[in-house]
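For reference, the structure is listed below as structure tokens.
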Amino acid sequence: MVDILHGSKAAEQHRRHPRRREKPNLGTFLRRFTGVDEKILASVPQERSRYTSLGGIVVSTALIAGTSLLGALTLLSQASPLYLLPVAVLWGLIIANIDRFLITSLTGDSAGWSRWGNLLIRLALAVVIGVFIAEPLTLKIFQERLDRQIMVERGQVISLTESRYKQCNPLKGPAPEGVDCADFILDGGDQATAVEDNMTERQSVLKAAEDRLAADMKEKEKLKGRSDRECYGIKVLGQTTGVFGDGPECKVRKNEFDTFVANHDIPWQQTEVARLRAELGSLAADRASAETKRAAVFSKKIAERVEEKKRAYTDIGLLDRWEALGTVAGQSGMVNFAHWLLRIIFVLLDCMPIISKMLNGKTEYDRLLTQELRAGSACHEAELNFTTRQRTGEYEIRLREEERRLKAERGRIDRDQRVDEASRDDEIDRLARTFMSSMPTHR
């Protein structure tokens, strides 16, 4: 005969003749993490070992979760693990409480699609928690390999940065085309640039002066030759007459030569070209000095920017290792296999409480717990009905009493009203008699 509260006659006898309360032990401690009711479990002591093992799985999962978070915190912070231990313990308790909720939510004798739907939802939650637990532990296990990969990648970035600064800030001339120098231009080379621009301008002036001087000297030599040939009687077809002496044509040629020499001051031009060449020599020395200074300034600034980049890469964060894990896993099939193997193991460990509960199926404890819940619900409903009827009865009695009081009050008011009316009638009669007696008698 099954008892409605605890499931069996043995439970009834246990309540009538309770044994001495057992002292808390490790099994009781572990079963607390499953949310089991020890009073109900006392009716089926054969299932204690099952729920003790289930509690051990929950505690193991919590310990793994705490260890995982502690590893993640040590990757994020340089603080001593002793200061981070309370946070890890708190996280382990949170995971244990979540697993406890997942287990207790599967108790009872519900069946069909409802039970499997609840199972799938809780299993998905367990998988998410398992992944969250697995990743920090995986990063901790591969920390050394990941740190080497990160340092290699950062070294490449630093070298590329230094090379780009040098490309975008050449010692001579502008930056090369086709190179993105938007964020790599340095200041400090203005003096050298100004000197170089001045030299370019002076070189253009000097070249024009040299070209003009060469053209004038060539024209001078040409006119001088024509004048000498004409005056010395040298016959050139189409150019000279071939007549010796200071004739008309000789005078014309001499006049052309003298006019050209008077209009083109070649000695002054030679002096000007020499002065421009001297200025260019001085500017070349200034440019060399300015370029030396610019090279020193650029070298110093490039070294400072590279040092800033190195300082920015001093610490290695959790996300850095996470990205490096993807890179290393893509490069090494063995690392990728180990990564997925660890992830699957940790996910399965976190799912073990739910899987274990489902593997156990419907236990006698679940049946008793369902009866306990139904009995409690029935008792609560009966108590609620009793309380409702009691309260409504009290209100009915008070209503009857109030109606009786109102009826008596109305009767009293009616009596008082009749007495008042009789008193008024007597007073009217008395006043009438007094009035009649006061009037004179007519014969």
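Following the order of the structure tokens, chains are lettered A, B, ..., residues in each are numbered from 1, and ligands are numbered from 1.
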Do a neighbour search on Val273 (chain A) at 9 Å with only C-alpha atoms, toss out local chain neighbours closer than 4 positions, and write the hits as a VMD selection string.
-> chain A and resid 206 to 207 209 to 210 213 268 to 269 277 to 278
Residues of the last selection are to be written out with all heavy atoms, as a PDB file, in the first residue's frame.
```pdb
ATOM      1  N   LEU A 206      70.658  78.710 -62.296  1.00  0.00           N
ATOM      2  CA  LEU A 206      72.010  78.511 -62.807  1.00  0.00           C
ATOM      3  C   LEU A 206      71.989  77.907 -64.202  1.00  0.00           C
ATOM      4  O   LEU A 206      72.747  78.328 -65.100  1.00  0.00           O
ATOM      5  CB  LEU A 206      72.789  77.609 -61.851  1.00  0.00           C
ATOM      6  CG  LEU A 206      74.198  77.197 -62.305  1.00  0.00           C
ATOM      7  CD1 LEU A 206      75.090  78.422 -62.497  1.00  0.00           C
ATOM      8  CD2 LEU A 206      74.819  76.222 -61.305  1.00  0.00           C
ATOM      9  N   LYS A 207      71.132  76.926 -64.407  1.00  0.00           N
ATOM     10  CA  LYS A 207      71.063  76.286 -65.729  1.00  0.00           C
ATOM     11  C   LYS A 207      70.625  77.288 -66.795  1.00  0.00           C
ATOM     12  O   LYS A 207      71.172  77.320 -67.910  1.00  0.00           O
ATOM     13  CB  LYS A 207      70.092  75.110 -65.689  1.00  0.00           C
ATOM     14  CG  LYS A 207      70.096  74.277 -66.976  1.00  0.00           C
ATOM     15  CD  LYS A 207      69.186  73.092 -66.844  1.00  0.00           C
ATOM     16  CE  LYS A 207      69.284  72.208 -68.092  1.00  0.00           C
ATOM     17  NZ  LYS A 207      69.088  72.940 -69.350  1.00  0.00           N
ATOM     18  N   ALA A 209      71.083  80.530 -66.638  1.00  0.00           N
ATOM     19  CA  ALA A 209      72.213  81.461 -66.850  1.00  0.00           C
ATOM     20  C   ALA A 209      73.301  80.808 -67.682  1.00  0.00           C
ATOM     21  O   ALA A 209      73.897  81.446 -68.579  1.00  0.00           O
ATOM     22  CB  ALA A 209      72.754  81.918 -65.494  1.00  0.00           C
ATOM     23  N   GLU A 210      73.610  79.543 -67.401  1.00  0.00           N
ATOM     24  CA  GLU A 210      74.640  78.845 -68.171  1.00  0.00           C
ATOM     25  C   GLU A 210      74.210  78.678 -69.627  1.00  0.00           C
ATOM     26  O   GLU A 210      75.044  78.854 -70.551  1.00  0.00           O
ATOM     27  CB  GLU A 210      74.921  77.475 -67.546  1.00  0.00           C
ATOM     28  CG  GLU A 210      75.663  77.570 -66.214  1.00  0.00           C
ATOM     29  CD  GLU A 210      75.861  76.202 -65.573  1.00  0.00           C
ATOM     30  OE1 GLU A 210      75.140  75.253 -65.970  1.00  0.00           O
ATOM     31  OE2 GLU A 210      76.712  76.088 -64.687  1.00  0.00           O
ATOM     32  N   LEU A 213      74.540  82.100 -71.218  1.00  0.00           N
ATOM     33  CA  LEU A 213      75.952  82.443 -71.435  1.00  0.00           C
ATOM     34  C   LEU A 213      76.537  81.636 -72.600  1.00  0.00           C
ATOM     35  O   LEU A 213      77.266  82.179 -73.458  1.00  0.00           O
ATOM     36  CB  LEU A 213      76.755  82.169 -70.166  1.00  0.00           C
ATOM     37  CG  LEU A 213      78.264  82.384 -70.251  1.00  0.00           C
ATOM     38  CD1 LEU A 213      78.579  83.833 -70.598  1.00  0.00           C
ATOM     39  CD2 LEU A 213      78.949  81.987 -68.922  1.00  0.00           C
ATOM     40  N   TRP A 268      79.953  89.872 -67.308  1.00  0.00           N
ATOM     41  CA  TRP A 268      79.025  89.905 -66.144  1.00  0.00           C
ATOM     42  C   TRP A 268      78.282  88.583 -66.009  1.00  0.00           C
ATOM     43  O   TRP A 268      78.067  88.092 -64.892  1.00  0.00           O
ATOM     44  CB  TRP A 268      78.047  91.055 -66.347  1.00  0.00           C
ATOM     45  CG  TRP A 268      77.047  91.127 -65.208  1.00  0.00           C
ATOM     46  CD1 TRP A 268      77.189  91.760 -64.034  1.00  0.00           C
ATOM     47  CD2 TRP A 268      75.748  90.504 -65.204  1.00  0.00           C
ATOM     48  NE1 TRP A 268      76.077  91.602 -63.239  1.00  0.00           N
ATOM     49  CE2 TRP A 268      75.162  90.808 -63.949  1.00  0.00           C
ATOM     50  CE3 TRP A 268      75.048  89.730 -66.112  1.00  0.00           C
ATOM     51  CZ2 TRP A 268      73.908  90.371 -63.593  1.00  0.00           C
ATOM     52  CZ3 TRP A 268      73.787  89.292 -65.737  1.00  0.00           C
ATOM     53  CH2 TRP A 268      73.225  89.598 -64.491  1.00  0.00           C
ATOM     54  N   GLN A 269      77.909  88.026 -67.146  1.00  0.00           N
ATOM     55  CA  GLN A 269      77.228  86.728 -67.103  1.00  0.00           C
ATOM     56  C   GLN A 269      78.145  85.649 -66.529  1.00  0.00           C
ATOM     57  O   GLN A 269      77.703  84.799 -65.748  1.00  0.00           O
ATOM     58  CB  GLN A 269      76.767  86.329 -68.514  1.00  0.00           C
ATOM     59  CG  GLN A 269      75.648  87.205 -69.081  1.00  0.00           C
ATOM     60  CD  GLN A 269      75.145  86.693 -70.405  1.00  0.00           C
ATOM     61  OE1 GLN A 269      75.064  85.487 -70.632  1.00  0.00           O
ATOM     62  NE2 GLN A 269      74.812  87.608 -71.314  1.00  0.00           N
ATOM     63  N   ARG A 277      77.138  79.302 -58.954  1.00  0.00           N
ATOM     64  CA  ARG A 277      77.783  78.029 -58.645  1.00  0.00           C
ATOM     65  C   ARG A 277      78.317  78.019 -57.221  1.00  0.00           C
ATOM     66  O   ARG A 277      78.216  76.995 -56.520  1.00  0.00           O
ATOM     67  CB  ARG A 277      78.909  77.772 -59.642  1.00  0.00           C
ATOM     68  CG  ARG A 277      78.407  77.401 -61.032  1.00  0.00           C
ATOM     69  CD  ARG A 277      79.553  77.275 -62.004  1.00  0.00           C
ATOM     70  NE  ARG A 277      79.065  76.882 -63.334  1.00  0.00           N
ATOM     71  CZ  ARG A 277      79.847  76.817 -64.420  1.00  0.00           C
ATOM     72  NH1 ARG A 277      81.144  77.122 -64.339  1.00  0.00           N
ATOM     73  NH2 ARG A 277      79.310  76.440 -65.583  1.00  0.00           N
ATOM     74  N   ALA A 278      78.844  79.134 -56.788  1.00  0.00           N
ATOM     75  CA  ALA A 278      79.330  79.231 -55.404  1.00  0.00           C
ATOM     76  C   ALA A 278      78.172  79.104 -54.413  1.00  0.00           C
ATOM     77  O   ALA A 278      78.286  78.435 -53.373  1.00  0.00           O
ATOM     78  CB  ALA A 278      80.068  80.556 -55.205  1.00  0.00           C
TER      79      ALA A 278
END
```
Can you work out which one of A:Leu54, A:Ala422, A:Leu341, A:Leu319 has the shortest atom-to-atom distance to Ser356 (chain A), counting only C-alpha atoms?
-> A:Leu54
Any idea what the distance is between CA of Arg229 (chain A) and CA of Glu249 (chain A)?
-> 10.6 Å
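The two atoms in question, CA of Ile95 (chain A) and CA of Arg32 (chain A), are spaced 14.2 Å apart.
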Write out as a list in words each polymer residue whose atoms come within 8 Å of Tyr232 (chain A), counting only C-alpha atoms; drop sequence neighbours fewer than 5 positions from it.
-> Gly242, Val243, Phe244 and Gly245 of chain A
Give the answer as one residue: which of A:Met217, A:Ile354, A:Val87, A:Ile413 has the shortest atom-to-atom distance to Ile57 (chain A), using only C-alpha atoms?
->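 Selected residue with least distance to Ile57 (chain A): A:Ile354.
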Would you list the contacts of region 100-106 of chain A as a ChimeraX atom specification, taking every protein, DNA or RNA residue within 7 Å and counting only C-alpha atoms, but skipping same-chain residues closer than 5 positions in sequence?
-> /A:33-35,122,353-354,357
Do you have the CA of Thr138 (chain A)-CA of Leu342 (chain A) distance handy?
->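 These atoms are spaced 6.8 Å apart.
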Please identify all polymer residues within 12 Å of region 320-323 of chain A, counting only C-alpha atoms, omitting same-chain residues fewer than 6 positions from it, and present them as a VMD selection string.
-> chain A and resid 72 75 to 76 135 to 151 153 to 154 313 to 314 329 to 330 339
Filtering to N, CA and C atoms, could you give me those residues as a PDB file, in the first residue's frame?
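Below is the file that was written, out.pdb:
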```
ATOM      1  N   ALA A  72      41.899  31.500 -16.465  1.00  0.00           N
ATOM      2  CA  ALA A  72      41.615  32.671 -17.296  1.00  0.00           C
ATOM      3  C   ALA A  72      42.013  33.957 -16.597  1.00  0.00           C
ATOM      4  N   LEU A  75      45.621  34.569 -16.757  1.00  0.00           N
ATOM      5  CA  LEU A  75      46.021  35.056 -18.072  1.00  0.00           C
ATOM      6  C   LEU A  75      45.725  36.538 -18.233  1.00  0.00           C
ATOM      7  N   LEU A  76      44.674  37.007 -17.560  1.00  0.00           N
ATOM      8  CA  LEU A  76      44.277  38.408 -17.680  1.00  0.00           C
ATOM      9  C   LEU A  76      45.005  39.314 -16.709  1.00  0.00           C
ATOM     10  N   GLU A 135      37.177  26.733 -22.931  1.00  0.00           N
ATOM     11  CA  GLU A 135      38.090  27.623 -23.645  1.00  0.00           C
ATOM     12  C   GLU A 135      39.215  28.169 -22.769  1.00  0.00           C
ATOM     13  N   PRO A 136      38.928  28.721 -21.556  1.00  0.00           N
ATOM     14  CA  PRO A 136      40.051  29.209 -20.738  1.00  0.00           C
ATOM     15  C   PRO A 136      41.048  28.116 -20.382  1.00  0.00           C
ATOM     16  N   LEU A 137      40.557  26.898 -20.099  1.00  0.00           N
ATOM     17  CA  LEU A 137      41.485  25.812 -19.784  1.00  0.00           C
ATOM     18  C   LEU A 137      42.338  25.454 -20.998  1.00  0.00           C
ATOM     19  N   THR A 138      41.733  25.463 -22.172  1.00  0.00           N
ATOM     20  CA  THR A 138      42.498  25.179 -23.393  1.00  0.00           C
ATOM     21  C   THR A 138      43.576  26.234 -23.603  1.00  0.00           C
ATOM     22  N   LEU A 139      43.228  27.498 -23.387  1.00  0.00           N
ATOM     23  CA  LEU A 139      44.222  28.565 -23.532  1.00  0.00           C
ATOM     24  C   LEU A 139      45.343  28.416 -22.517  1.00  0.00           C
ATOM     25  N   LYS A 140      44.998  27.991 -21.307  1.00  0.00           N
ATOM     26  CA  LYS A 140      46.017  27.805 -20.284  1.00  0.00           C
ATOM     27  C   LYS A 140      46.946  26.647 -20.642  1.00  0.00           C
ATOM     28  N   ILE A 141      46.392  25.574 -21.170  1.00  0.00           N
ATOM     29  CA  ILE A 141      47.208  24.407 -21.526  1.00  0.00           C
ATOM     30  C   ILE A 141      48.189  24.750 -22.645  1.00  0.00           C
ATOM     31  N   PHE A 142      47.718  25.500 -23.658  1.00  0.00           N
ATOM     32  CA  PHE A 142      48.568  25.852 -24.794  1.00  0.00           C
ATOM     33  C   PHE A 142      49.209  27.233 -24.631  1.00  0.00           C
ATOM     34  N   GLN A 143      49.295  27.741 -23.410  1.00  0.00           N
ATOM     35  CA  GLN A 143      49.767  29.102 -23.185  1.00  0.00           C
ATOM     36  C   GLN A 143      51.160  29.349 -23.775  1.00  0.00           C
ATOM     37  N   GLU A 144      52.096  28.449 -23.508  1.00  0.00           N
ATOM     38  CA  GLU A 144      53.466  28.655 -23.979  1.00  0.00           C
ATOM     39  C   GLU A 144      53.526  28.701 -25.507  1.00  0.00           C
ATOM     40  N   ARG A 145      52.844  27.775 -26.151  1.00  0.00           N
ATOM     41  CA  ARG A 145      52.845  27.742 -27.620  1.00  0.00           C
ATOM     42  C   ARG A 145      52.161  28.977 -28.186  1.00  0.00           C
ATOM     43  N   LEU A 146      51.078  29.404 -27.571  1.00  0.00           N
ATOM     44  CA  LEU A 146      50.360  30.582 -28.047  1.00  0.00           C
ATOM     45  C   LEU A 146      51.178  31.845 -27.844  1.00  0.00           C
ATOM     46  N   ASP A 147      51.871  31.950 -26.709  1.00  0.00           N
ATOM     47  CA  ASP A 147      52.696  33.129 -26.460  1.00  0.00           C
ATOM     48  C   ASP A 147      53.819  33.245 -27.487  1.00  0.00           C
ATOM     49  N   ARG A 148      54.416  32.112 -27.877  1.00  0.00           N
ATOM     50  CA  ARG A 148      55.458  32.163 -28.905  1.00  0.00           C
ATOM     51  C   ARG A 148      54.886  32.665 -30.234  1.00  0.00           C
ATOM     52  N   GLN A 149      53.707  32.162 -30.587  1.00  0.00           N
ATOM     53  CA  GLN A 149      53.072  32.598 -31.830  1.00  0.00           C
ATOM     54  C   GLN A 149      52.757  34.086 -31.778  1.00  0.00           C
ATOM     55  N   ILE A 150      52.260  34.547 -30.641  1.00  0.00           N
ATOM     56  CA  ILE A 150      51.937  35.971 -30.496  1.00  0.00           C
ATOM     57  C   ILE A 150      53.183  36.822 -30.620  1.00  0.00           C
ATOM     58  N   MET A 151      54.294  36.401 -30.004  1.00  0.00           N
ATOM     59  CA  MET A 151      55.533  37.170 -30.081  1.00  0.00           C
ATOM     60  C   MET A 151      56.067  37.211 -31.512  1.00  0.00           C
ATOM     61  N   GLU A 153      54.206  37.043 -34.286  1.00  0.00           N
ATOM     62  CA  GLU A 153      53.329  37.933 -35.037  1.00  0.00           C
ATOM     63  C   GLU A 153      53.592  39.393 -34.670  1.00  0.00           C
ATOM     64  N   ARG A 154      53.802  39.655 -33.387  1.00  0.00           N
ATOM     65  CA  ARG A 154      54.072  41.031 -32.973  1.00  0.00           C
ATOM     66  C   ARG A 154      55.426  41.504 -33.491  1.00  0.00           C
ATOM     67  N   TYR A 313      52.778  46.158 -26.887  1.00  0.00           N
ATOM     68  CA  TYR A 313      52.720  44.709 -27.027  1.00  0.00           C
ATOM     69  C   TYR A 313      53.357  43.990 -25.838  1.00  0.00           C
ATOM     70  N   THR A 314      53.535  44.705 -24.732  1.00  0.00           N
ATOM     71  CA  THR A 314      54.183  44.072 -23.579  1.00  0.00           C
ATOM     72  C   THR A 314      53.299  42.990 -22.976  1.00  0.00           C
ATOM     73  N   ALA A 329      45.949  26.619 -34.495  1.00  0.00           N
ATOM     74  CA  ALA A 329      45.129  25.466 -34.874  1.00  0.00           C
ATOM     75  C   ALA A 329      45.043  25.326 -36.388  1.00  0.00           C
ATOM     76  N   GLY A 330      45.028  26.479 -37.100  1.00  0.00           N
ATOM     77  CA  GLY A 330      45.009  26.413 -38.551  1.00  0.00           C
ATOM     78  C   GLY A 330      46.335  25.956 -39.141  1.00  0.00           C
ATOM     79  N   HIS A 339      42.824  20.702 -29.470  1.00  0.00           N
ATOM     80  CA  HIS A 339      41.895  21.756 -29.060  1.00  0.00           C
ATOM     81  C   HIS A 339      40.465  21.242 -29.033  1.00  0.00           C
TER      82      HIS A 339
END
```
Just list the residues in region 67-301 of chain A DSSP gives alpha helix (DSSP H) on the backbone, as a ChimeraX atom specification.
-> /A:67-76,81-104,113-141,143-168,190-231,248-263,266-301
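Proximity to Leu73 (chain A) at 10 Å, evaluated using only C-alpha atoms and with sequence-adjacent residues fewer than 2 positions away removed, yields Thr67, Ser68, Leu69, Leu70, Gly71, Leu75, Leu76, Ser77, Gln78, Ala79, Ser80, Pro81, Leu84, Leu85, Val87, Ala88, Pro136 and Leu318 of chain A.
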Selection export as a PDB file, in the first residue's frame, atoms kept: N, CA and C atoms:
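After the write, again_1.pdb holds the following:
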```pdb
ATOM      1  N   THR A  67      38.577  26.042 -11.633  1.00  0.00           N
ATOM      2  CA  THR A  67      39.961  25.977 -12.128  1.00  0.00           C
ATOM      3  C   THR A  67      40.085  26.691 -13.468  1.00  0.00           C
ATOM      4  N   SER A  68      39.078  26.536 -14.324  1.00  0.00           N
ATOM      5  CA  SER A  68      39.105  27.194 -15.628  1.00  0.00           C
ATOM      6  C   SER A  68      39.108  28.709 -15.474  1.00  0.00           C
ATOM      7  N   LEU A  69      38.225  29.213 -14.607  1.00  0.00           N
ATOM      8  CA  LEU A  69      38.182  30.660 -14.413  1.00  0.00           C
ATOM      9  C   LEU A  69      39.467  31.160 -13.772  1.00  0.00           C
ATOM     10  N   LEU A  70      40.015  30.404 -12.840  1.00  0.00           N
ATOM     11  CA  LEU A  70      41.281  30.807 -12.222  1.00  0.00           C
ATOM     12  C   LEU A  70      42.382  30.887 -13.266  1.00  0.00           C
ATOM     13  N   GLY A  71      42.420  29.922 -14.192  1.00  0.00           N
ATOM     14  CA  GLY A  71      43.394  29.982 -15.274  1.00  0.00           C
ATOM     15  C   GLY A  71      43.177  31.187 -16.163  1.00  0.00           C
ATOM     16  N   LEU A  75      45.621  34.569 -16.757  1.00  0.00           N
ATOM     17  CA  LEU A  75      46.021  35.056 -18.072  1.00  0.00           C
ATOM     18  C   LEU A  75      45.725  36.538 -18.233  1.00  0.00           C
ATOM     19  N   LEU A  76      44.674  37.007 -17.560  1.00  0.00           N
ATOM     20  CA  LEU A  76      44.277  38.408 -17.680  1.00  0.00           C
ATOM     21  C   LEU A  76      45.005  39.314 -16.709  1.00  0.00           C
ATOM     22  N   SER A  77      45.380  38.792 -15.560  1.00  0.00           N
ATOM     23  CA  SER A  77      45.958  39.620 -14.507  1.00  0.00           C
ATOM     24  C   SER A  77      47.268  39.025 -14.024  1.00  0.00           C
ATOM     25  N   GLN A  78      48.125  39.915 -13.548  1.00  0.00           N
ATOM     26  CA  GLN A  78      49.397  39.485 -12.990  1.00  0.00           C
ATOM     27  C   GLN A  78      49.321  39.318 -11.471  1.00  0.00           C
ATOM     28  N   ALA A  79      48.116  39.438 -10.927  1.00  0.00           N
ATOM     29  CA  ALA A  79      47.961  39.315  -9.479  1.00  0.00           C
ATOM     30  C   ALA A  79      48.212  37.878  -9.032  1.00  0.00           C
ATOM     31  N   SER A  80      48.480  37.749  -7.726  1.00  0.00           N
ATOM     32  CA  SER A  80      48.732  36.429  -7.175  1.00  0.00           C
ATOM     33  C   SER A  80      47.465  35.573  -7.244  1.00  0.00           C
ATOM     34  N   PRO A  81      47.611  34.267  -7.542  1.00  0.00           N
ATOM     35  CA  PRO A  81      46.429  33.392  -7.594  1.00  0.00           C
ATOM     36  C   PRO A  81      45.648  33.364  -6.282  1.00  0.00           C
ATOM     37  N   LEU A  84      42.969  35.804  -6.517  1.00  0.00           N
ATOM     38  CA  LEU A  84      41.962  35.451  -7.530  1.00  0.00           C
ATOM     39  C   LEU A  84      41.148  34.221  -7.137  1.00  0.00           C
ATOM     40  N   LEU A  85      41.635  33.498  -6.114  1.00  0.00           N
ATOM     41  CA  LEU A  85      40.969  32.256  -5.717  1.00  0.00           C
ATOM     42  C   LEU A  85      39.526  32.467  -5.267  1.00  0.00           C
ATOM     43  N   VAL A  87      37.291  34.543  -6.307  1.00  0.00           N
ATOM     44  CA  VAL A  87      36.440  34.707  -7.492  1.00  0.00           C
ATOM     45  C   VAL A  87      36.218  33.362  -8.178  1.00  0.00           C
ATOM     46  N   ALA A  88      37.290  32.553  -8.253  1.00  0.00           N
ATOM     47  CA  ALA A  88      37.163  31.226  -8.862  1.00  0.00           C
ATOM     48  C   ALA A  88      36.221  30.336  -8.057  1.00  0.00           C
ATOM     49  N   PRO A 136      38.928  28.721 -21.556  1.00  0.00           N
ATOM     50  CA  PRO A 136      40.051  29.209 -20.738  1.00  0.00           C
ATOM     51  C   PRO A 136      41.048  28.116 -20.382  1.00  0.00           C
ATOM     52  N   LEU A 318      43.757  37.883 -22.978  1.00  0.00           N
ATOM     53  CA  LEU A 318      43.005  36.657 -23.252  1.00  0.00           C
ATOM     54  C   LEU A 318      42.566  36.599 -24.718  1.00  0.00           C
TER      55      LEU A 318
END
```
Contacts of region 262-264 of chain A at 10 Å or less, counting only C-alpha atoms, minus same-chain residues fewer than 2 places along, as a PyMOL selection string?
-> chain A and resi 212-213+216-217+220+256-260+266-269
Generate a file of the selected residues that holds N, CA, C and O atoms, formatted as a compact mmCIF listing (two decimals), in the first residue's frame.
```
# COMPACT_ATOMS: atom_id res chain seq x y z
N ARG A 212 72.13 80.60 -71.23
CA ARG A 212 72.18 81.93 -71.86
C ARG A 212 73.62 82.35 -72.17
O ARG A 212 73.91 82.89 -73.24
N LEU A 213 74.54 82.10 -71.22
CA LEU A 213 75.95 82.44 -71.44
C LEU A 213 76.54 81.64 -72.60
O LEU A 213 77.27 82.18 -73.46
N ASP A 216 75.17 83.06 -75.82
CA ASP A 216 75.77 84.35 -76.16
C ASP A 216 77.22 84.17 -76.63
O ASP A 216 77.67 84.84 -77.57
N MET A 217 77.98 83.32 -75.95
CA MET A 217 79.37 83.11 -76.35
C MET A 217 79.43 82.46 -77.73
O MET A 217 80.31 82.80 -78.56
N LYS A 220 78.62 85.17 -80.12
CA LYS A 220 79.76 86.09 -80.20
C LYS A 220 80.85 85.52 -81.10
O LYS A 220 81.42 86.22 -81.95
N GLU A 256 77.99 94.88 -86.30
CA GLU A 256 77.12 93.83 -85.72
C GLU A 256 77.79 93.20 -84.50
O GLU A 256 77.14 92.96 -83.46
N PHE A 257 79.10 92.93 -84.63
CA PHE A 257 79.82 92.32 -83.52
C PHE A 257 79.86 93.25 -82.31
O PHE A 257 79.62 92.83 -81.16
N ASP A 258 80.20 94.53 -82.56
CA ASP A 258 80.29 95.49 -81.44
C ASP A 258 78.93 95.69 -80.77
O ASP A 258 78.83 95.81 -79.54
N THR A 259 77.87 95.74 -81.61
CA THR A 259 76.51 95.91 -81.04
C THR A 259 76.13 94.70 -80.16
O THR A 259 75.56 94.86 -79.06
N PHE A 260 76.45 93.52 -80.62
CA PHE A 260 76.12 92.30 -79.83
C PHE A 260 76.90 92.30 -78.52
O PHE A 260 76.33 91.99 -77.46
N ILE A 266 78.88 89.60 -71.51
CA ILE A 266 79.32 88.23 -71.25
C ILE A 266 80.18 88.15 -70.00
O ILE A 266 80.01 87.21 -69.19
N PRO A 267 81.11 89.06 -69.73
CA PRO A 267 81.88 88.97 -68.47
C PRO A 267 80.98 89.01 -67.23
O PRO A 267 81.21 88.28 -66.25
N TRP A 268 79.95 89.87 -67.31
CA TRP A 268 79.03 89.91 -66.14
C TRP A 268 78.28 88.58 -66.01
O TRP A 268 78.07 88.09 -64.89
N GLN A 269 77.91 88.03 -67.15
CA GLN A 269 77.23 86.73 -67.10
C GLN A 269 78.14 85.65 -66.53
O GLN A 269 77.70 84.80 -65.75
```
